[in-house]
Amino acid sequence: MSDWLITYTLGGEGYFETDGTEKRVRDGDVALLKPGTPHRYGTPKGETWHFVWAHFSGGFMDASLLPLGALTIVQIEQNAMKDRVYDAFHRILSDSRERGAYWHELCLGALREILMLLAKQQTSGYDPRIEETLYLLAQRMQETVRVEELAHNIGLSASRLSHLFKENTGESIVEALNRMRIKQAALLLAHTNRNATEAAQDVGFQNYNHFTRQFRKYIGMTPSEFGQSVRSKEK
């Protein structure tokens, strides 16, 4: 083929054969086949293969996002990332069928998202379970987060998740959550009309004094001092 093939396996089992070597793909596997690669692909005898696929030209993509090998298979381990990849494929299918305004650009945007998610997984250096924990923290930043509930979603015990998180990131789950909240609060103070009390509530802090202590810890000044520094720069 003169273009790239990308597949995402949703269930069952499939295979790709290149250069006389067969490789199997299963649930959560993304396969990328380089243009000009002699190949065969299909469903092993007695199996079913549920997958989505797309063809695309490499000329529309950032070369750094495309693998060098003839066949690349990436296993997606995070449930959250699996959902994001499937959602992107679903949008590709919908936009390509509708053929409405900017359909081609929308499809390419979704494809880029998939390739960037794959690149992110391969370069993060974190255990996939920690990547998923960070994603859940970002999603639930405004909520009261319980380590036990996070651990249940990840499939680990609370003590094991806490230890693994600290080992990977150098900070505790609570510290990571507070850092996310404070960074978001700083953005609200800098770019909206929210005051410090409103920003604290918006990012999930119930106690203003605790918010102020955490803000000083991560930003190096109080919310009031930060707000004054932002306003002085705008003059």
# chains A, B, ... in the order shown; residues from 1 in each chain; ligands from 1

$ residues_around --residues "range 53-61 of chain A" --least-positions-apart "4" --cutoff "10 Å" --atoms "only C-alpha atoms" --output "short mmCIF file (atom, residue, chain, number, x, y, z; two decimals) with all heavy atoms, in the first residue's frame"
data_model
loop_
_atom_site.label_atom_id
_atom_site.label_comp_id
_atom_site.auth_asym_id
_atom_site.auth_seq_id
_atom_site.Cartn_x
_atom_site.Cartn_y
_atom_site.Cartn_z
N MET A 1 0.84 -1.19 0.00
CA MET A 1 0.00 0.00 0.00
C MET A 1 0.88 1.24 0.00
O MET A 1 2.01 1.22 0.49
CB MET A 1 -0.90 0.02 1.24
CG MET A 1 -1.88 -1.15 1.30
SD MET A 1 -2.97 -0.99 2.75
CE MET A 1 -1.74 -0.99 4.07
N SER A 2 0.35 2.32 -0.54
CA SER A 2 1.11 3.57 -0.61
C SER A 2 0.83 4.49 0.56
O SER A 2 1.35 5.60 0.64
CB SER A 2 0.79 4.30 -1.91
OG SER A 2 -0.60 4.61 -1.97
N ASP A 3 -0.02 4.05 1.51
CA ASP A 3 -0.33 4.86 2.68
C ASP A 3 -0.18 4.04 3.95
O ASP A 3 0.09 2.85 3.91
CB ASP A 3 -1.73 5.46 2.57
CG ASP A 3 -2.80 4.41 2.30
OD1 ASP A 3 -2.46 3.20 2.38
OD2 ASP A 3 -3.96 4.77 2.04
N TRP A 4 -0.33 4.70 5.09
CA TRP A 4 -0.24 4.03 6.38
C TRP A 4 -1.56 3.32 6.70
O TRP A 4 -2.63 3.77 6.30
CB TRP A 4 0.03 5.05 7.49
CG TRP A 4 1.43 5.57 7.52
CD1 TRP A 4 1.94 6.60 6.79
CD2 TRP A 4 2.50 5.10 8.34
NE1 TRP A 4 3.26 6.80 7.09
CE2 TRP A 4 3.64 5.90 8.06
CE3 TRP A 4 2.61 4.10 9.31
CZ2 TRP A 4 4.85 5.70 8.70
CZ3 TRP A 4 3.83 3.90 9.95
CH2 TRP A 4 4.94 4.70 9.64
N LEU A 5 -1.46 2.23 7.44
CA LEU A 5 -2.63 1.55 7.99
C LEU A 5 -2.50 1.58 9.51
O LEU A 5 -1.45 1.23 10.06
CB LEU A 5 -2.71 0.11 7.52
CG LEU A 5 -3.76 -0.78 8.22
CD1 LEU A 5 -5.17 -0.31 7.90
CD2 LEU A 5 -3.58 -2.25 7.83
N ILE A 6 -3.55 2.00 10.18
CA ILE A 6 -3.59 1.94 11.64
C ILE A 6 -4.82 1.15 12.05
O ILE A 6 -5.91 1.34 11.50
CB ILE A 6 -3.61 3.35 12.27
CG1 ILE A 6 -3.59 3.25 13.80
CG2 ILE A 6 -4.79 4.18 11.79
CD1 ILE A 6 -3.37 4.59 14.50
N THR A 7 -4.65 0.22 12.97
CA THR A 7 -5.77 -0.57 13.49
C THR A 7 -5.77 -0.50 15.01
O THR A 7 -4.72 -0.34 15.64
CB THR A 7 -5.70 -2.06 13.07
OG1 THR A 7 -4.59 -2.70 13.74
CG2 THR A 7 -5.53 -2.20 11.56
N TYR A 8 -6.95 -0.64 15.58
CA TYR A 8 -7.09 -0.67 17.03
C TYR A 8 -8.00 -1.84 17.38
O TYR A 8 -9.18 -1.87 16.98
CB TYR A 8 -7.67 0.64 17.54
CG TYR A 8 -7.89 0.69 19.04
CD1 TYR A 8 -6.93 0.20 19.92
CD2 TYR A 8 -9.05 1.23 19.58
CE1 TYR A 8 -7.12 0.24 21.28
CE2 TYR A 8 -9.26 1.28 20.95
CZ TYR A 8 -8.28 0.79 21.80
OH TYR A 8 -8.48 0.83 23.16
N THR A 9 -7.47 -2.81 18.10
CA THR A 9 -8.22 -4.02 18.42
C THR A 9 -9.08 -3.80 19.66
O THR A 9 -8.60 -3.43 20.73
CB THR A 9 -7.26 -5.20 18.66
OG1 THR A 9 -6.52 -5.45 17.45
CG2 THR A 9 -8.02 -6.46 19.04
N VAL A 30 -2.70 -1.24 19.36
CA VAL A 30 -2.72 -0.38 18.18
C VAL A 30 -1.59 -0.84 17.27
O VAL A 30 -0.44 -0.94 17.72
CB VAL A 30 -2.54 1.11 18.55
CG1 VAL A 30 -2.45 1.96 17.28
CG2 VAL A 30 -3.69 1.59 19.42
N ALA A 31 -1.89 -1.11 16.02
CA ALA A 31 -0.87 -1.53 15.05
C ALA A 31 -0.74 -0.47 13.97
O ALA A 31 -1.74 0.07 13.49
CB ALA A 31 -1.26 -2.88 14.42
N LEU A 32 0.50 -0.16 13.61
CA LEU A 32 0.80 0.79 12.55
C LEU A 32 1.67 0.11 11.51
O LEU A 32 2.74 -0.40 11.82
CB LEU A 32 1.53 2.01 13.11
CG LEU A 32 0.66 3.07 13.79
CD1 LEU A 32 1.48 3.88 14.79
CD2 LEU A 32 0.03 3.99 12.75
N LEU A 33 1.17 0.08 10.27
CA LEU A 33 1.88 -0.56 9.16
C LEU A 33 2.37 0.52 8.21
O LEU A 33 1.59 1.32 7.70
CB LEU A 33 0.95 -1.53 8.43
CG LEU A 33 1.59 -2.46 7.41
CD1 LEU A 33 2.45 -3.52 8.11
CD2 LEU A 33 0.51 -3.14 6.57
N LYS A 34 3.69 0.49 7.97
CA LYS A 34 4.33 1.52 7.16
C LYS A 34 4.01 1.34 5.68
O LYS A 34 3.87 0.21 5.19
CB LYS A 34 5.85 1.45 7.37
CG LYS A 34 6.62 2.65 6.91
CD LYS A 34 8.08 2.53 7.36
CE LYS A 34 8.87 3.77 7.00
NZ LYS A 34 10.27 3.67 7.50
N PRO A 35 3.87 2.45 4.93
CA PRO A 35 3.64 2.34 3.48
C PRO A 35 4.74 1.53 2.80
O PRO A 35 5.90 1.57 3.19
CB PRO A 35 3.66 3.80 3.00
CG PRO A 35 3.33 4.60 4.21
CD PRO A 35 3.91 3.86 5.37
N LEU A 65 5.91 11.66 14.99
CA LEU A 65 4.86 10.84 15.59
C LEU A 65 4.75 9.47 14.93
O LEU A 65 4.05 8.60 15.44
CB LEU A 65 3.51 11.55 15.49
CG LEU A 65 3.36 12.86 16.28
CD1 LEU A 65 2.01 13.49 15.99
CD2 LEU A 65 3.52 12.62 17.78
N LEU A 66 5.42 9.28 13.80
CA LEU A 66 5.31 8.03 13.05
C LEU A 66 6.50 7.13 13.35
O LEU A 66 7.65 7.59 13.35
CB LEU A 66 5.23 8.33 11.55
CG LEU A 66 4.00 9.13 11.11
CD1 LEU A 66 4.13 9.55 9.66
CD2 LEU A 66 2.73 8.32 11.32
N PHE A 89 -11.15 7.26 17.29
CA PHE A 89 -11.52 6.44 16.13
C PHE A 89 -13.00 6.62 15.78
O PHE A 89 -13.37 6.68 14.60
CB PHE A 89 -11.23 4.96 16.40
CG PHE A 89 -9.90 4.50 15.88
CD1 PHE A 89 -8.87 4.20 16.74
CD2 PHE A 89 -9.67 4.37 14.51
CE1 PHE A 89 -7.64 3.77 16.27
CE2 PHE A 89 -8.45 3.94 14.03
CZ PHE A 89 -7.43 3.64 14.91
N ILE A 92 -13.39 9.72 13.87
CA ILE A 92 -12.89 9.54 12.50
C ILE A 92 -13.96 8.87 11.63
O ILE A 92 -14.25 9.32 10.51
CB ILE A 92 -11.60 8.69 12.49
CG1 ILE A 92 -10.45 9.46 13.12
CG2 ILE A 92 -11.23 8.28 11.06
CD1 ILE A 92 -9.22 8.62 13.39
N LEU A 93 -14.54 7.82 12.16
CA LEU A 93 -15.58 7.09 11.41
C LEU A 93 -16.79 7.99 11.14
O LEU A 93 -17.30 8.04 10.02
CB LEU A 93 -16.00 5.85 12.19
CG LEU A 93 -14.96 4.74 12.30
CD1 LEU A 93 -15.43 3.66 13.29
CD2 LEU A 93 -14.70 4.10 10.95
N GLU A 105 -10.02 17.51 7.73
CA GLU A 105 -9.20 18.10 8.79
C GLU A 105 -9.58 17.53 10.16
O GLU A 105 -8.71 17.30 11.01
CB GLU A 105 -9.35 19.62 8.77
CG GLU A 105 -8.70 20.33 7.60
CD GLU A 105 -9.52 20.22 6.31
OE1 GLU A 105 -10.67 19.70 6.37
OE2 GLU A 105 -9.02 20.66 5.27
N CYS A 107 -10.80 14.53 10.73
CA CYS A 107 -10.26 13.16 10.78
C CYS A 107 -8.76 13.18 11.08
O CYS A 107 -8.26 12.39 11.90
CB CYS A 107 -10.51 12.44 9.47
SG CYS A 107 -12.24 12.01 9.17
N LEU A 108 -8.03 14.07 10.42
CA LEU A 108 -6.60 14.17 10.65
C LEU A 108 -6.31 14.59 12.09
O LEU A 108 -5.36 14.10 12.72
CB LEU A 108 -5.97 15.16 9.68
CG LEU A 108 -5.90 14.72 8.21
CD1 LEU A 108 -5.36 15.85 7.35
CD2 LEU A 108 -5.03 13.47 8.06
N GLY A 109 -7.13 15.50 12.62
CA GLY A 109 -6.94 15.92 14.01
C GLY A 109 -7.12 14.76 14.97
O GLY A 109 -6.35 14.61 15.93
N LEU A 111 -6.70 11.58 14.24
CA LEU A 111 -5.56 10.67 14.03
C LEU A 111 -4.32 11.18 14.76
O LEU A 111 -3.58 10.41 15.38
CB LEU A 111 -5.26 10.54 12.54
CG LEU A 111 -5.96 9.42 11.78
CD1 LEU A 111 -5.72 9.57 10.28
CD2 LEU A 111 -5.48 8.05 12.27
N ARG A 112 -4.08 12.48 14.68
CA ARG A 112 -2.94 13.07 15.40
C ARG A 112 -3.08 12.84 16.91
O ARG A 112 -2.09 12.57 17.60
CB ARG A 112 -2.82 14.56 15.10
CG ARG A 112 -2.35 14.89 13.71
CD ARG A 112 -1.96 16.36 13.57
NE ARG A 112 -1.64 16.68 12.19
CZ ARG A 112 -2.48 17.20 11.32
NH1 ARG A 112 -3.72 17.47 11.69
NH2 ARG A 112 -2.11 17.46 10.09
N LEU A 115 -1.96 9.30 17.65
CA LEU A 115 -0.51 9.16 17.56
C LEU A 115 0.19 9.86 18.72
O LEU A 115 1.20 9.37 19.23
CB LEU A 115 -0.02 9.71 16.22
CG LEU A 115 -0.50 8.95 14.98
CD1 LEU A 115 -0.04 9.67 13.71
CD2 LEU A 115 0.01 7.52 14.98
#

$ residues_around --residues "Gln214 in chain A" --least-positions-apart "2" --cutoff "10 Å" --atoms "only C-alpha atoms" --output "PDB file with C-alpha atoms, in the first residue's frame"
ATOM      1  CA  GLU A 175       0.762  16.301  47.004  1.00  0.00           C
ATOM      2  CA  ASN A 178      -2.705  19.772  45.551  1.00  0.00           C
ATOM      3  CA  ARG A 179      -0.114  20.772  42.947  1.00  0.00           C
ATOM      4  CA  ARG A 181      -5.268  22.315  42.091  1.00  0.00           C
ATOM      5  CA  ILE A 182      -2.897  25.193  42.856  1.00  0.00           C
ATOM      6  CA  PHE A 205     -10.312  23.374  48.366  1.00  0.00           C
ATOM      7  CA  TYR A 208      -9.280  28.716  52.578  1.00  0.00           C
ATOM      8  CA  ASN A 209      -6.379  28.715  55.060  1.00  0.00           C
ATOM      9  CA  HIS A 210      -5.240  25.348  53.725  1.00  0.00           C
ATOM     10  CA  PHE A 211      -5.515  26.729  50.187  1.00  0.00           C
ATOM     11  CA  THR A 212      -3.338  29.723  51.134  1.00  0.00           C
ATOM     12  CA  ARG A 216       2.534  29.644  49.025  1.00  0.00           C
ATOM     13  CA  LYS A 217       4.184  26.214  48.935  1.00  0.00           C
ATOM     14  CA  TYR A 218       3.824  25.746  45.166  1.00  0.00           C
ATOM     15  CA  ILE A 219       3.773  29.346  43.856  1.00  0.00           C
ATOM     16  CA  GLY A 220       6.058  31.003  46.411  1.00  0.00           C
ATOM     17  CA  MET A 221       3.597  33.713  47.446  1.00  0.00           C
ATOM     18  CA  THR A 222       0.083  34.096  48.818  1.00  0.00           C
ATOM     19  CA  PRO A 223      -2.911  34.279  46.444  1.00  0.00           C
TER      20      PRO A 223
END

$ select_by_dssp --residues "range 4-229 of chain A" --states "strand (DSSP E or B)" --output "PyMOL selection string"
chain A and resi 4-18+21-26+29-33+40-42+49-56+71-75

$ residues_around --residues "Glu148 in chain A" --least-positions-apart "3" --cutoff "7 Å" --atoms "only C-alpha atoms" --output "list in words"
Ala151, His152 and Ala158 of chain A

$ closest_residue --among "A:Gln142, A:Ser94, A:Ser224, A:Thr48" --to "Gln206 in chain A" --atoms "only C-alpha atoms"
A:Gln142

$ atom_distance --atom1 "CA of Phe16 in chain A" --atom2 "CA of Gly42 in chain A"
6.8 Å

$ closest_residue --among "A:Asn207, A:Asp29, A:His90, A:Ile130" --to "Glu171 in chain A" --atoms "only C-alpha atoms"
A:Ile130

$ residues_around --residues "Leu161 in chain A" --least-positions-apart "5" --cutoff "9 Å" --atoms "only C-alpha atoms" --output "ChimeraX atom specification"
/A:129-130,133,147,150-151,154-156,166,173

$ write_last_selection --atoms "C-alpha atoms" --output "tab-separated table (two decimals), in the first residue's frame"
chain	number	residue	atom	x	y	z
A	129	ARG	CA	-1.08	2.57	36.37
A	130	ILE	CA	0.46	5.83	37.60
A	133	THR	CA	-3.96	7.69	38.38
A	147	VAL	CA	-6.95	6.91	47.76
A	150	LEU	CA	-8.50	5.46	43.19
A	151	ALA	CA	-6.77	2.19	44.04
A	154	ILE	CA	-6.62	1.10	39.13
A	155	GLY	CA	-6.78	-2.48	40.42
A	156	LEU	CA	-4.28	-2.15	43.27
A	166	LYS	CA	5.68	7.95	45.26
A	173	ILE	CA	-1.01	11.31	45.69

$ residues_around --residues "Gln139 in chain A" --least-positions-apart "5" --cutoff "12 Å" --atoms "only C-alpha atoms" --output "ChimeraX atom specification"
/A:80,132-134,144-145,150,177,180-181,203-204

$ atom_distance --atom1 "CA of Trp49 in chain A" --atom2 "CA of Asn153 in chain A"
27.2 Å

$ select_by_dssp --residues "range 19-172 of chain A" --states "alpha helix (DSSP H)" --output "VMD selection string"
chain A and resid 79 to 98 103 to 123 128 to 139 147 to 154 158 to 169

$ residues_around --residues "Gly28 in chain A" --least-positions-apart "4" --cutoff "8 Å" --atoms "only C-alpha atoms" --output "ChimeraX atom specification"
/A:8-11,75-77,82

$ write_last_selection --atoms "N, CA, C and O atoms" --output "mmCIF file, in the first residue's frame"
data_model
loop_
_atom_site.group_PDB
_atom_site.id
_atom_site.type_symbol
_atom_site.label_atom_id
_atom_site.label_comp_id
_atom_site.auth_asym_id
_atom_site.auth_seq_id
_atom_site.Cartn_x
_atom_site.Cartn_y
_atom_site.Cartn_z
ATOM 1 N N TYR A 8 -6.945 -0.635 15.580
ATOM 2 C CA TYR A 8 -7.088 -0.669 17.031
ATOM 3 C C TYR A 8 -8.003 -1.835 17.376
ATOM 4 O O TYR A 8 -9.177 -1.869 16.980
ATOM 5 N N THR A 9 -7.467 -2.811 18.096
ATOM 6 C CA THR A 9 -8.219 -4.018 18.423
ATOM 7 C C THR A 9 -9.084 -3.801 19.658
ATOM 8 O O THR A 9 -8.599 -3.426 20.728
ATOM 9 N N LEU A 10 -10.377 -4.033 19.493
ATOM 10 C CA LEU A 10 -11.347 -3.863 20.573
ATOM 11 C C LEU A 10 -11.636 -5.172 21.287
ATOM 12 O O LEU A 10 -12.099 -5.188 22.429
ATOM 13 N N GLY A 11 -11.401 -6.274 20.612
ATOM 14 C CA GLY A 11 -11.656 -7.579 21.203
ATOM 15 C C GLY A 11 -11.237 -8.689 20.250
ATOM 16 O O GLY A 11 -10.964 -8.444 19.072
ATOM 17 N N GLN A 75 0.827 -1.775 22.878
ATOM 18 C CA GLN A 75 -0.224 -2.206 23.805
ATOM 19 C C GLN A 75 -0.618 -1.042 24.699
ATOM 20 O O GLN A 75 0.215 -0.471 25.399
ATOM 21 N N ILE A 76 -1.883 -0.645 24.666
ATOM 22 C CA ILE A 76 -2.380 0.404 25.543
ATOM 23 C C ILE A 76 -2.873 -0.248 26.825
ATOM 24 O O ILE A 76 -3.765 -1.096 26.803
ATOM 25 N N GLU A 77 -2.282 0.148 27.928
ATOM 26 C CA GLU A 77 -2.586 -0.500 29.204
ATOM 27 C C GLU A 77 -3.566 0.291 30.065
ATOM 28 O O GLU A 77 -4.254 -0.265 30.912
ATOM 29 N N LYS A 82 -7.400 3.891 26.641
ATOM 30 C CA LYS A 82 -8.172 3.045 25.725
ATOM 31 C C LYS A 82 -9.453 3.766 25.309
ATOM 32 O O LYS A 82 -9.819 3.767 24.122
#

$ residues_around --residues "Met116 in chain A" --least-positions-apart "2" --cutoff "12 Å" --atoms "only C-alpha atoms" --output "list in words"
Met61, Asp62, Ala63, Ser64, Leu65, Leu66, Pro67, Met81, Arg84, Val85, Ala88, Gly109, Ala110, Leu111, Arg112, Glu113, Ile114, Leu118, Ala119, Lys120, Gln121, Gln122, Thr123 and Ser124 of chain A

$ closest_residue --among "A:Arg231, A:Phe226, A:Trp103, A:Val174" --to "Ala196 in chain A" --atoms "only C-alpha atoms"
A:Phe226
